[in-house]
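*Asks:* Take this structure, written in structure tokens, and hold onto it; I'll ask about it next.
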Amino acid sequence: MALILSLDVGTTGLKTILADESGNIVGSSNIEYGMIQRRPGHAEQSPLVWWDAVLKSLHEVLDGRFAGEVRAIGVSGQFQSLVMLDGKHNPLHNAILWCDHRGDAFLSEITEKIGGERLFQITANPALSGSTVSSLLWVKKNLPDIFKKCRHIMLPHEYIRFRLTGKCVTDVTSASSMQLLNVPERRWADELFEELGIDRGVAGKLCECAETAGETTEEIRKATGLPAGIPVIAGGGDSVVSAIGTGAVREGECFTSVGTSGIICTNTKEIRVDAKGRVNTYCSAVPGMWSVITCSITSGYSLKWMKENFCLSDGETAKERGMDIYSLMDEMAGGVAPGAEGLIFLPYLMGDRTPHLNPDAKGVFFGITSKHGRAEFIRAVMEGAAYSLAEGTDIFRELGIGLTRHVLCGGGARGRTWRGILADIYGNSVCTVPNDSGAAMGAAVLAAVGSGIYRSLDEAVAKMVKTNEEEPYSEERHRKYMERFMVYRELYRRLEDLF
């Protein structure tokens, strides 16, 4: 039996799966890790924490039995986050994550040096908050010794790919989020390196997502038991790879992931850009296509924040009933009528990207009365996250992108109540995948193609990706939600100056 190992280096943890050729998961592991936040607006992680999680997860998943059956390895992970290595490939600093705002001070400098219109023409985006290049410019000014020593830059999953193969390679999706790539032409933009004062040599060789980046080394064999010589396929950034893992690969199909952030991603045959910069346009993991991506930074994190600060007392109740606390919270929210009894939540706990591009946006509960309890607050958080995501679908429509099929994945897709809220606010039926391994499964599909198990991406998706039956939406509930949606939007408009 040929098995495919897949690693997804997320913001809050590492997801590892072992899948067979039919997409059945025969082993999986989830290892959580935290962010280092020394000051407001800062977010870091140590690359060594990711690698330690990889070694632990391989021990769990391979279980001393499957190492010899692994035929290919795929990787995916968080976009934009900056990893810097020295000439001996050692990390120079903690990774500066995509949700870190230190580099925002350099966005105007990037725009002025390159020119706003020209930057769009080259990168398909405005200067982006949290981009790799903005973080690197912050390092250049504030940590000049580290900048001088930097010989390689990469994203988190690329660091893991490097540790597996010893090769510094960058896939086109990751390079897109660095804002150093000519996105329409899928090549490094040498002129950006020169004009921003960055050594062109720090960027790795470019490849498409289903290409082989390298092979496992003898060192990896000794550390993990995996044979040397296993092809490691490039993979890519989690959002675009999740589109593969949920089967949303054709134009008009999209997936919504409610994980730490809330993401909607769809693929287009022609490059589509938003002049206001409310969405990101990157190279797709599908060759010859581009991905348009929305990002509500803390949609999923908002429910985790709610749990950790206000619902821990429900943990014992959940345990007594044999369920996890999120399932209990979903059940509690399901007992509240749509609209959360007039309570509205703005889910901007760490600023907002889509649609407001405002790192200063704050979370807000509006309309609190004495009749509101935890259940209403939980439902308001779910509805606020869904409203934020719906603003992204409105932008797609503005860009002429019609969405005909919605697939949900991530933690938010597990709860029946939250799925129903998303369907009713979208005004579309939704379907889910049998597991929440969107990015990990997408990396496995790409690995199956890149290693020759399947001849094409379409064939691999057809064989490996399965979806559950569609769940309908209610036209009546959709209409009522759209009335509340107007209030949600007006709240942000009135509060923006105060933020």
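Letters A, B, ... go to the chains of the structure tokens in the order shown; residues in each chain start at 1; ligands are counted from 1 in the same order.
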Residues of region 44-123 of chain A that approach region 214-230 of chain A to 8 Å or less, counting only C-alpha atoms: could you list each one with the shortest pair of atoms and its distance in Å to one decimal, rows by chain and increasing residue number, as a tab-separated table?
*Replies:*
residue	atom	partner	partner_atom	distance
A:Leu55	CA	A:Thr224	CA	6.9
A:Leu58	CA	A:Thr224	CA	6.9
A:His59	CA	A:Thr224	CA	7.2
A:Gly64	CA	A:Gly225	CA	7.9
A:Ala67	CA	A:Leu226	CA	5.0
A:Gly68	CA	A:Pro227	CA	6.6
A:Val70	CA	A:Ile230	CA	7.5
A:Arg71	CA	A:Ile230	CA	6.2
A:Ala72	CA	A:Ile230	CA	5.8
A:Ile73	CA	A:Ile230	CA	7.2
*Asks:* Got time to write the residues from that selection, N, CA, C and O atoms, as a compact mmCIF listing (two decimals), in the first residue's frame?
*Replies:*
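Saved result, out.txt, follows:
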# COMPACT_ATOMS: atom_id res chain seq x y z
N LEU A 55 8.79 16.18 14.51
CA LEU A 55 9.39 14.93 14.99
C LEU A 55 8.42 14.16 15.89
O LEU A 55 8.28 12.93 15.77
N LEU A 58 5.56 12.68 13.67
CA LEU A 58 5.97 11.53 12.87
C LEU A 58 6.05 10.28 13.74
O LEU A 58 5.69 9.18 13.29
N HIS A 59 6.50 10.45 14.96
CA HIS A 59 6.54 9.31 15.89
C HIS A 59 5.12 8.78 16.13
O HIS A 59 4.88 7.57 16.12
N GLY A 64 6.00 3.34 14.10
CA GLY A 64 6.94 2.25 13.91
C GLY A 64 6.54 1.23 12.86
O GLY A 64 7.21 0.21 12.68
N ALA A 67 6.60 3.67 8.09
CA ALA A 67 7.65 4.46 7.45
C ALA A 67 8.05 3.91 6.09
O ALA A 67 8.26 4.66 5.13
N GLY A 68 8.14 2.60 5.98
CA GLY A 68 8.57 1.98 4.73
C GLY A 68 7.55 2.06 3.61
O GLY A 68 7.88 1.76 2.45
N VAL A 70 5.71 4.89 2.97
CA VAL A 70 5.52 6.27 2.53
C VAL A 70 6.20 6.47 1.17
O VAL A 70 7.39 6.22 1.01
N ARG A 71 5.41 6.91 0.19
CA ARG A 71 5.91 7.10 -1.17
C ARG A 71 6.14 8.56 -1.53
O ARG A 71 6.84 8.87 -2.49
N ALA A 72 5.54 9.47 -0.77
CA ALA A 72 5.70 10.89 -1.07
C ALA A 72 5.33 11.70 0.17
O ALA A 72 4.58 11.23 1.03
N ILE A 73 5.87 12.90 0.25
CA ILE A 73 5.59 13.81 1.36
C ILE A 73 5.15 15.15 0.80
O ILE A 73 5.76 15.68 -0.14
*Asks:* Got a sec: who's within 8 Å of Thr467 (chain A), counting only C-alpha atoms, leaving out chain neighbours fewer than 2 positions off, as an MDAnalysis selection string?
*Replies:* chainID A and resid 246 431:434 465 469
*Asks:* Can you tell me which residues surround Leu389 (chain A) at a distance of at most 9 Å, considering only C-alpha atoms, apart from same-chain residues fewer than 3 positions away, and format the answer as an mmCIF file with N, CA, C and O atoms, in the first residue's frame?
*Replies:*
data_model
loop_
_atom_site.group_PDB
_atom_site.id
_atom_site.type_symbol
_atom_site.label_atom_id
_atom_site.label_comp_id
_atom_site.auth_asym_id
_atom_site.auth_seq_id
_atom_site.Cartn_x
_atom_site.Cartn_y
_atom_site.Cartn_z
ATOM 1 N N THR A 256 -14.557 27.811 2.321
ATOM 2 C CA THR A 256 -14.442 28.677 3.489
ATOM 3 C C THR A 256 -13.776 27.876 4.589
ATOM 4 O O THR A 256 -14.229 26.784 4.929
ATOM 5 N N GLY A 262 -10.508 33.478 9.331
ATOM 6 C CA GLY A 262 -11.564 33.029 8.420
ATOM 7 C C GLY A 262 -11.137 33.327 7.002
ATOM 8 O O GLY A 262 -10.837 34.481 6.650
ATOM 9 N N ILE A 263 -11.064 32.299 6.177
ATOM 10 C CA ILE A 263 -10.535 32.427 4.819
ATOM 11 C C ILE A 263 -11.585 31.956 3.819
ATOM 12 O O ILE A 263 -12.255 30.942 4.028
ATOM 13 N N ILE A 264 -11.720 32.694 2.725
ATOM 14 C CA ILE A 264 -12.452 32.196 1.563
ATOM 15 C C ILE A 264 -11.489 32.248 0.386
ATOM 16 O O ILE A 264 -10.802 33.253 0.183
ATOM 17 N N THR A 294 -9.890 35.992 0.595
ATOM 18 C CA THR A 294 -10.267 36.937 1.639
ATOM 19 C C THR A 294 -9.668 36.476 2.956
ATOM 20 O O THR A 294 -9.348 35.301 3.130
ATOM 21 N N CYS A 295 -9.531 37.385 3.902
ATOM 22 C CA CYS A 295 -9.016 37.016 5.217
ATOM 23 C C CYS A 295 -9.659 37.869 6.299
ATOM 24 O O CYS A 295 -9.434 39.078 6.360
ATOM 25 N N SER A 296 -10.467 37.233 7.127
ATOM 26 C CA SER A 296 -10.977 37.852 8.347
ATOM 27 C C SER A 296 -10.083 37.327 9.472
ATOM 28 O O SER A 296 -10.179 36.158 9.855
ATOM 29 N N SER A 299 -11.656 35.461 12.847
ATOM 30 C CA SER A 299 -13.008 34.882 12.857
ATOM 31 C C SER A 299 -13.081 33.632 13.714
ATOM 32 O O SER A 299 -13.926 33.514 14.599
ATOM 33 N N THR A 354 -9.845 41.780 5.490
ATOM 34 C CA THR A 354 -10.947 41.867 4.532
ATOM 35 C C THR A 354 -12.226 42.151 5.307
ATOM 36 O O THR A 354 -12.585 41.391 6.209
ATOM 37 N N GLY A 384 -21.121 37.023 13.990
ATOM 38 C CA GLY A 384 -20.199 38.085 13.609
ATOM 39 C C GLY A 384 -19.099 37.590 12.690
ATOM 40 O O GLY A 384 -18.730 38.255 11.716
ATOM 41 N N ALA A 385 -18.580 36.401 12.994
ATOM 42 C CA ALA A 385 -17.567 35.807 12.124
ATOM 43 C C ALA A 385 -18.132 35.544 10.731
ATOM 44 O O ALA A 385 -17.467 35.794 9.713
ATOM 45 N N ALA A 386 -19.375 35.063 10.667
ATOM 46 C CA ALA A 386 -20.007 34.776 9.372
ATOM 47 C C ALA A 386 -20.271 36.063 8.591
ATOM 48 O O ALA A 386 -20.106 36.108 7.367
ATOM 49 N N GLY A 392 -16.535 39.294 2.384
ATOM 50 C CA GLY A 392 -15.596 38.844 1.369
ATOM 51 C C GLY A 392 -16.290 38.360 0.106
ATOM 52 O O GLY A 392 -15.834 38.636 -1.009
ATOM 53 N N THR A 393 -17.410 37.651 0.257
ATOM 54 C CA THR A 393 -18.128 37.181 -0.935
ATOM 55 C C THR A 393 -18.705 38.350 -1.717
ATOM 56 O O THR A 393 -18.827 38.287 -2.943
ATOM 57 N N LEU A 422 -23.524 30.011 8.642
ATOM 58 C CA LEU A 422 -22.786 30.371 7.427
ATOM 59 C C LEU A 422 -23.656 30.197 6.177
ATOM 60 O O LEU A 422 -23.677 31.072 5.306
ATOM 61 N N TYR A 426 -24.671 33.335 3.918
ATOM 62 C CA TYR A 426 -24.233 33.304 2.521
ATOM 63 C C TYR A 426 -25.411 33.307 1.548
ATOM 64 O O TYR A 426 -25.305 33.812 0.437
#
*Asks:* Quick one: residues within 10 Å of region 482-495 of chain A, only C-alpha atoms counted, chain neighbours fewer than 3 positions away excluded, as a VMD selection string?
*Replies:* chain A and resid 338 to 339 342 to 346 356 361 to 364 366 383 to 384 386 to 388 390 to 391 424 to 427 477 to 479 498 to 499
*Asks:* Taking C-alpha atoms for each residue, export the selection above as a PDB file, in the first residue's frame.
*Replies:*
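Okay, this is what ended up in selection31.pdb:
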ATOM      1  CA  PRO A 338     -31.009  33.707  14.630  1.00  0.00           C
ATOM      2  CA  GLY A 339     -29.987  37.256  15.441  1.00  0.00           C
ATOM      3  CA  GLY A 342     -30.263  41.594  19.055  1.00  0.00           C
ATOM      4  CA  LEU A 343     -26.641  41.071  20.126  1.00  0.00           C
ATOM      5  CA  ILE A 344     -24.052  41.851  17.422  1.00  0.00           C
ATOM      6  CA  PHE A 345     -20.317  41.092  17.512  1.00  0.00           C
ATOM      7  CA  LEU A 346     -17.568  42.701  15.433  1.00  0.00           C
ATOM      8  CA  HIS A 356     -11.348  47.021   5.933  1.00  0.00           C
ATOM      9  CA  ALA A 361     -10.049  47.696  14.227  1.00  0.00           C
ATOM     10  CA  LYS A 362     -11.275  46.304  17.541  1.00  0.00           C
ATOM     11  CA  GLY A 363     -13.726  43.662  18.679  1.00  0.00           C
ATOM     12  CA  VAL A 364     -17.116  44.943  19.830  1.00  0.00           C
ATOM     13  CA  PHE A 366     -23.202  45.791  20.648  1.00  0.00           C
ATOM     14  CA  GLU A 383     -22.772  35.260  13.500  1.00  0.00           C
ATOM     15  CA  GLY A 384     -20.199  38.085  13.609  1.00  0.00           C
ATOM     16  CA  ALA A 386     -20.007  34.776   9.372  1.00  0.00           C
ATOM     17  CA  TYR A 387     -20.875  38.411   8.604  1.00  0.00           C
ATOM     18  CA  SER A 388     -17.181  39.189   8.256  1.00  0.00           C
ATOM     19  CA  ALA A 390     -19.872  37.375   3.867  1.00  0.00           C
ATOM     20  CA  GLU A 391     -18.267  40.762   3.258  1.00  0.00           C
ATOM     21  CA  ASP A 424     -28.041  31.203   5.920  1.00  0.00           C
ATOM     22  CA  ILE A 425     -25.849  34.321   5.823  1.00  0.00           C
ATOM     23  CA  TYR A 426     -24.233  33.304   2.521  1.00  0.00           C
ATOM     24  CA  GLY A 427     -27.627  32.504   1.048  1.00  0.00           C
ATOM     25  CA  ARG A 477     -33.427  33.280   7.716  1.00  0.00           C
ATOM     26  CA  HIS A 478     -31.186  34.704   4.989  1.00  0.00           C
ATOM     27  CA  ARG A 479     -33.533  37.668   4.568  1.00  0.00           C
ATOM     28  CA  LEU A 498     -12.739  55.699  17.379  1.00  0.00           C
ATOM     29  CA  PHE A 499     -10.656  52.588  16.602  1.00  0.00           C
TER      30      PHE A 499
END
*Asks:* Rank A:Ile293, A:Met84, A:Leu5, A:Ile96 by their smallest atom-to-atom distance to Gly237 (chain A), using only C-alpha atoms, and report the top residue only.
*Replies:*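 Among the listed residues, A:Ile293 lies closest to Gly237 (chain A).
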*Asks:* Pick out the residues sitting within 8 Å of Ile122 (chain A), and hand them over as a list in words; count only C-alpha atoms, and ignore anything fewer than 3 positions along from it in its own chain.
*Replies:*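 Near neighbours after the sequence-gap exclusion: Arg118, Leu119, Leu181, Asn182, Val183, Pro184 and Ala189 of chain A.
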*Asks:* Between A:Gly402, A:Pro472, A:Gly334, A:Pro355, which has the minimum distance to Thr417 (chain A) (counting only C-alpha atoms)?
*Replies:*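 Of the candidates, the smallest distance to Thr417 (chain A) is held by A:Gly334.
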*Asks:* Set the distance at 12 Å and use only C-alpha atoms: which residues neighbour Ser134 (chain A) once local chain neighbours fewer than 2 positions away are removed? I'd like the list as a PyMOL selection string.
*Replies:* chain A and resi 80-82+96-111+126-132+136-141+177-180+196+198
*Asks:* Keeping only N, CA, C and O atoms, take the residues you just selected and write them out as a compact mmCIF listing (two decimals), in the first residue's frame.
*Replies:*
# COMPACT_ATOMS: atom_id res chain seq x y z
N GLN A 80 2.91 34.21 4.42
CA GLN A 80 3.53 35.48 4.76
C GLN A 80 4.59 35.43 5.86
O GLN A 80 5.55 36.19 5.84
N SER A 81 4.43 34.57 6.85
CA SER A 81 5.32 34.57 8.02
C SER A 81 6.79 34.45 7.61
O SER A 81 7.15 33.58 6.82
N LEU A 82 7.63 35.29 8.17
CA LEU A 82 9.03 35.40 7.75
C LEU A 82 9.95 34.53 8.60
O LEU A 82 10.04 34.69 9.81
N ILE A 96 8.63 35.92 12.25
CA ILE A 96 7.68 37.01 12.43
C ILE A 96 6.42 36.64 11.65
O ILE A 96 6.47 36.48 10.43
N LEU A 97 5.31 36.46 12.34
CA LEU A 97 4.12 35.84 11.76
C LEU A 97 3.30 36.82 10.91
O LEU A 97 3.44 38.04 11.01
N TRP A 98 2.42 36.24 10.14
CA TRP A 98 1.56 36.99 9.23
C TRP A 98 0.65 37.99 9.95
O TRP A 98 0.26 39.00 9.37
N CYS A 99 0.32 37.72 11.22
CA CYS A 99 -0.57 38.60 11.97
C CYS A 99 0.20 39.62 12.81
O CYS A 99 -0.38 40.32 13.64
N ASP A 100 1.52 39.71 12.60
CA ASP A 100 2.36 40.70 13.27
C ASP A 100 2.27 42.02 12.48
O ASP A 100 2.34 42.02 11.25
N HIS A 101 2.14 43.13 13.19
CA HIS A 101 1.92 44.42 12.52
C HIS A 101 3.14 45.34 12.52
O HIS A 101 3.04 46.49 12.11
N ARG A 102 4.30 44.84 12.96
CA ARG A 102 5.47 45.71 12.99
C ARG A 102 5.84 46.25 11.61
O ARG A 102 6.27 47.40 11.47
N GLY A 103 5.68 45.44 10.61
CA GLY A 103 6.06 45.86 9.27
C GLY A 103 5.11 46.86 8.64
O GLY A 103 5.42 47.43 7.59
N ASP A 104 3.96 47.09 9.29
CA ASP A 104 2.99 48.02 8.70
C ASP A 104 3.55 49.42 8.53
O ASP A 104 3.13 50.16 7.63
N ALA A 105 4.52 49.79 9.36
CA ALA A 105 5.13 51.11 9.25
C ALA A 105 5.88 51.30 7.94
O ALA A 105 6.19 52.43 7.56
N PHE A 106 6.17 50.18 7.25
CA PHE A 106 6.95 50.25 6.01
C PHE A 106 6.08 50.11 4.76
O PHE A 106 6.61 50.13 3.64
N LEU A 107 4.78 49.99 4.93
CA LEU A 107 3.91 49.81 3.77
C LEU A 107 3.91 51.05 2.88
O LEU A 107 3.95 50.94 1.65
N SER A 108 3.88 52.24 3.49
CA SER A 108 3.91 53.46 2.68
C SER A 108 5.25 53.61 1.97
O SER A 108 5.30 54.07 0.82
N GLU A 109 6.34 53.19 2.62
CA GLU A 109 7.66 53.25 1.99
C GLU A 109 7.71 52.34 0.77
O GLU A 109 8.26 52.73 -0.29
N ILE A 110 7.17 51.13 0.90
CA ILE A 110 7.13 50.20 -0.23
C ILE A 110 6.35 50.82 -1.38
O ILE A 110 6.78 50.80 -2.54
N THR A 111 5.19 51.38 -1.05
CA THR A 111 4.33 51.97 -2.09
C THR A 111 5.02 53.15 -2.77
O THR A 111 4.96 53.29 -4.00
N PRO A 126 -1.78 45.53 -3.26
CA PRO A 126 -1.12 46.69 -2.67
C PRO A 126 -0.09 46.20 -1.66
O PRO A 126 0.03 44.98 -1.43
N ALA A 127 0.64 47.09 -1.05
CA ALA A 127 1.55 46.70 0.03
C ALA A 127 0.70 46.10 1.15
O ALA A 127 -0.22 46.73 1.65
N LEU A 128 1.02 44.86 1.54
CA LEU A 128 0.16 44.09 2.43
C LEU A 128 0.63 44.09 3.87
O LEU A 128 1.82 43.87 4.14
N SER A 129 -0.30 44.30 4.78
CA SER A 129 0.00 44.15 6.19
C SER A 129 0.41 42.72 6.48
O SER A 129 -0.22 41.76 6.03
N GLY A 130 1.51 42.55 7.21
CA GLY A 130 1.98 41.22 7.56
C GLY A 130 2.76 40.51 6.48
O GLY A 130 3.17 39.36 6.66
N SER A 131 3.00 41.18 5.35
CA SER A 131 3.72 40.51 4.26
C SER A 131 5.17 40.23 4.67
O SER A 131 5.74 40.91 5.52
N THR A 132 5.74 39.24 4.03
CA THR A 132 7.12 38.86 4.32
C THR A 132 8.07 40.04 4.11
O THR A 132 8.96 40.29 4.92
N LEU A 136 10.54 41.96 6.71
CA LEU A 136 11.98 41.96 6.44
C LEU A 136 12.54 43.39 6.48
O LEU A 136 13.66 43.61 6.97
N LEU A 137 11.77 44.36 5.99
CA LEU A 137 12.22 45.75 6.04
C LEU A 137 12.26 46.25 7.49
O LEU A 137 13.12 47.07 7.84
N TRP A 138 11.35 45.76 8.33
CA TRP A 138 11.41 46.11 9.75
C TRP A 138 12.70 45.58 10.36
O TRP A 138 13.37 46.27 11.13
N VAL A 139 13.05 44.34 10.01
CA VAL A 139 14.29 43.74 10.51
C VAL A 139 15.49 44.56 10.02
O VAL A 139 16.44 44.83 10.77
N LYS A 140 15.45 44.95 8.76
CA LYS A 140 16.56 45.73 8.18
C LYS A 140 16.83 46.99 8.99
O LYS A 140 17.99 47.34 9.24
N LYS A 141 15.77 47.67 9.42
CA LYS A 141 15.94 48.92 10.16
C LYS A 141 16.24 48.69 11.64
O LYS A 141 17.08 49.38 12.22
N SER A 177 2.92 35.56 -1.51
CA SER A 177 2.63 36.24 -0.25
C SER A 177 3.84 36.99 0.29
O SER A 177 3.70 37.83 1.17
N MET A 178 5.03 36.70 -0.23
CA MET A 178 6.21 37.47 0.16
C MET A 178 6.18 38.88 -0.42
O MET A 178 6.86 39.77 0.05
N GLN A 179 5.40 39.07 -1.48
CA GLN A 179 5.35 40.32 -2.24
C GLN A 179 6.67 40.67 -2.88
O GLN A 179 7.07 41.82 -2.98
N LEU A 180 7.36 39.63 -3.33
CA LEU A 180 8.59 39.80 -4.09
C LEU A 180 8.51 39.04 -5.41
O LEU A 180 9.52 38.86 -6.09
N LEU A 196 14.16 47.79 -3.20
CA LEU A 196 13.90 47.76 -1.76
C LEU A 196 15.17 47.44 -0.96
O LEU A 196 15.12 47.36 0.26
N ILE A 198 17.13 44.63 -1.01
CA ILE A 198 17.16 43.26 -0.49
C ILE A 198 18.00 42.40 -1.44
O ILE A 198 17.81 42.45 -2.67
*Asks:* One number please: CA of Ser29 (chain A) to CA of Leu62 (chain A), in Å, one decimal.
*Replies:*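 Going from CA of Ser29 (chain A) over to CA of Leu62 (chain A), I get 10.1 Å.
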*Asks:* Mind checking which residues fall within 10 Å of Leu85 (chain A), counting only C-alpha atoms, ignoring those fewer than 5 positions away in the same chain, and posting them as a compact mmCIF listing (two decimals) with C-alpha atoms, in the first residue's frame?
*Replies:*
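Output below, filename around-v7.txt:
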# COMPACT_ATOMS: atom_id res chain seq x y z
CA ASN A 90 20.35 28.19 11.29
CA PRO A 91 17.38 30.40 12.29
CA LEU A 92 18.54 33.93 13.05
CA HIS A 93 15.41 35.04 14.88
CA ILE A 146 20.44 39.97 11.75
CA PHE A 147 19.54 41.44 8.35
CA LYS A 149 23.58 37.77 8.35
CA CYS A 150 20.41 36.64 6.56
CA ARG A 151 21.15 34.35 3.60
CA HIS A 152 17.76 32.68 3.12
CA ILE A 153 14.15 33.73 3.62
CA MET A 154 11.23 31.34 3.57
CA TYR A 159 11.48 25.62 6.62
CA VAL A 202 18.01 35.24 -0.19
*Asks:* Would you please give, as a list in words, all residues of region 362-402 of chain A that DSSP assigns to alpha helix (DSSP H) based on the backbone?
*Replies:*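 Across region 362-402 of chain A, those assigned alpha helix (DSSP H) are Arg374, Ala375, Glu376, Phe377, Ile378, Arg379, Ala380, Val381, Met382, Glu383, Gly384, Ala385, Ala386, Tyr387, Ser388, Leu389, Ala390, Glu391, Gly392, Thr393, Asp394, Ile395, Phe396, Arg397 and Glu398 of chain A.
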*Asks:* Based on the selection just made, write N, CA, C and O atoms of those residues as a short mmCIF file (atom, residue, chain, number, x, y, z; two decimals), in the first residue's frame.
*Replies:*
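File produced: part34.cif:
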data_model
loop_
_atom_site.label_atom_id
_atom_site.label_comp_id
_atom_site.auth_asym_id
_atom_site.auth_seq_id
_atom_site.Cartn_x
_atom_site.Cartn_y
_atom_site.Cartn_z
N ARG A 374 -24.53 33.55 28.28
CA ARG A 374 -23.41 33.00 27.50
C ARG A 374 -23.87 32.48 26.15
O ARG A 374 -23.18 32.64 25.15
N ALA A 375 -25.02 31.84 26.10
CA ALA A 375 -25.49 31.26 24.84
C ALA A 375 -25.66 32.33 23.77
O ALA A 375 -25.27 32.14 22.60
N GLU A 376 -26.23 33.47 24.15
CA GLU A 376 -26.41 34.56 23.18
C GLU A 376 -25.07 35.13 22.74
O GLU A 376 -24.87 35.46 21.55
N PHE A 377 -24.14 35.25 23.69
CA PHE A 377 -22.82 35.76 23.32
C PHE A 377 -22.11 34.80 22.37
O PHE A 377 -21.45 35.22 21.41
N ILE A 378 -22.22 33.50 22.62
CA ILE A 378 -21.58 32.52 21.75
C ILE A 378 -22.17 32.62 20.34
O ILE A 378 -21.44 32.63 19.34
N ARG A 379 -23.51 32.69 20.26
CA ARG A 379 -24.13 32.77 18.93
C ARG A 379 -23.73 34.07 18.24
O ARG A 379 -23.47 34.09 17.02
N ALA A 380 -23.66 35.17 18.99
CA ALA A 380 -23.26 36.45 18.39
C ALA A 380 -21.86 36.37 17.81
O ALA A 380 -21.58 36.94 16.74
N VAL A 381 -20.94 35.67 18.49
CA VAL A 381 -19.58 35.50 17.97
C VAL A 381 -19.62 34.73 16.65
O VAL A 381 -18.97 35.10 15.67
N MET A 382 -20.39 33.64 16.60
CA MET A 382 -20.50 32.86 15.36
C MET A 382 -21.09 33.69 14.23
O MET A 382 -20.62 33.65 13.09
N GLU A 383 -22.13 34.45 14.54
CA GLU A 383 -22.77 35.26 13.50
C GLU A 383 -21.85 36.39 13.04
O GLU A 383 -21.77 36.69 11.84
N GLY A 384 -21.12 37.02 13.99
CA GLY A 384 -20.20 38.09 13.61
C GLY A 384 -19.10 37.59 12.69
O GLY A 384 -18.73 38.25 11.72
N ALA A 385 -18.58 36.40 12.99
CA ALA A 385 -17.57 35.81 12.12
C ALA A 385 -18.13 35.54 10.73
O ALA A 385 -17.47 35.79 9.71
N ALA A 386 -19.38 35.06 10.67
CA ALA A 386 -20.01 34.78 9.37
C ALA A 386 -20.27 36.06 8.59
O ALA A 386 -20.11 36.11 7.37
N TYR A 387 -20.69 37.13 9.28
CA TYR A 387 -20.88 38.41 8.60
C TYR A 387 -19.56 38.90 7.99
O TYR A 387 -19.53 39.39 6.86
N SER A 388 -18.48 38.76 8.76
CA SER A 388 -17.18 39.19 8.26
C SER A 388 -16.79 38.42 7.00
O SER A 388 -16.30 39.00 6.03
N LEU A 389 -17.06 37.13 7.00
CA LEU A 389 -16.77 36.31 5.81
C LEU A 389 -17.67 36.70 4.64
O LEU A 389 -17.23 36.74 3.49
N ALA A 390 -18.93 37.00 4.93
CA ALA A 390 -19.87 37.37 3.87
C ALA A 390 -19.44 38.66 3.17
O ALA A 390 -19.69 38.84 1.97
N GLU A 391 -18.78 39.55 3.90
CA GLU A 391 -18.27 40.76 3.26
C GLU A 391 -17.24 40.41 2.19
O GLU A 391 -17.09 41.12 1.20
N GLY A 392 -16.54 39.29 2.38
CA GLY A 392 -15.60 38.84 1.37
C GLY A 392 -16.29 38.36 0.11
O GLY A 392 -15.83 38.64 -1.01
N THR A 393 -17.41 37.65 0.26
CA THR A 393 -18.13 37.18 -0.93
C THR A 393 -18.71 38.35 -1.72
O THR A 393 -18.83 38.29 -2.94
N ASP A 394 -19.04 39.44 -1.03
CA ASP A 394 -19.52 40.63 -1.73
C ASP A 394 -18.42 41.20 -2.62
O ASP A 394 -18.69 41.68 -3.74
N ILE A 395 -17.19 41.16 -2.14
CA ILE A 395 -16.07 41.67 -2.95
C ILE A 395 -15.87 40.78 -4.17
O ILE A 395 -15.60 41.27 -5.27
N PHE A 396 -15.98 39.46 -3.99
CA PHE A 396 -15.89 38.57 -5.15
C PHE A 396 -16.89 38.97 -6.23
O PHE A 396 -16.55 39.01 -7.42
N ARG A 397 -18.11 39.26 -5.80
CA ARG A 397 -19.13 39.64 -6.79
C ARG A 397 -18.73 40.94 -7.50
O ARG A 397 -18.94 41.08 -8.71
N GLU A 398 -18.15 41.89 -6.75
CA GLU A 398 -17.70 43.13 -7.36
C GLU A 398 -16.65 42.85 -8.44
O GLU A 398 -16.56 43.58 -9.44
#
*Asks:* Based on the backbone DSSP call, show me all residues of region 303-472 of chain A assigned strand (DSSP E), as a list in words.
*Replies:*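 Answer for region 303-472 of chain A, restricted to strand (DSSP E): Ile344, Phe345, Leu346, Val364, Phe365, Phe366, Arg405, His406, Val407, Leu408, Cys409, Cys431 and Thr432 of chain A.
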*Asks:* For Arg419 (chain A), which of A:Glu208, A:Glu60, A:Asp330, A:Asp314 is the closest residue, counting only C-alpha atoms?
*Replies:*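 Nearest to Arg419 (chain A): A:Asp330.
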*Asks:* Using only C-alpha atoms, which of the listed residues (A:Glu158, A:Glu471, A:Glu44, A:Glu21) sits closest to Asp8 (chain A)?
*Replies:*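 Going through A:Glu158, A:Glu471, A:Glu44, A:Glu21 one by one, the smallest distance to Asp8 (chain A) is for A:Glu158.
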*Asks:* Per residue of region 275-327 of chain A within 12 Å of region 444-447 of chain A, what are the shortest atom pair and its distance in Å to one decimal, counting only C-alpha atoms, with rows by chain and residue number, as CSV?
*Replies:*
residue,atom,partner,partner_atom,distance
A:Ala285,CA,A:Leu446,CA,8.5
A:Val286,CA,A:Leu446,CA,9.4
A:Pro287,CA,A:Leu446,CA,11.2
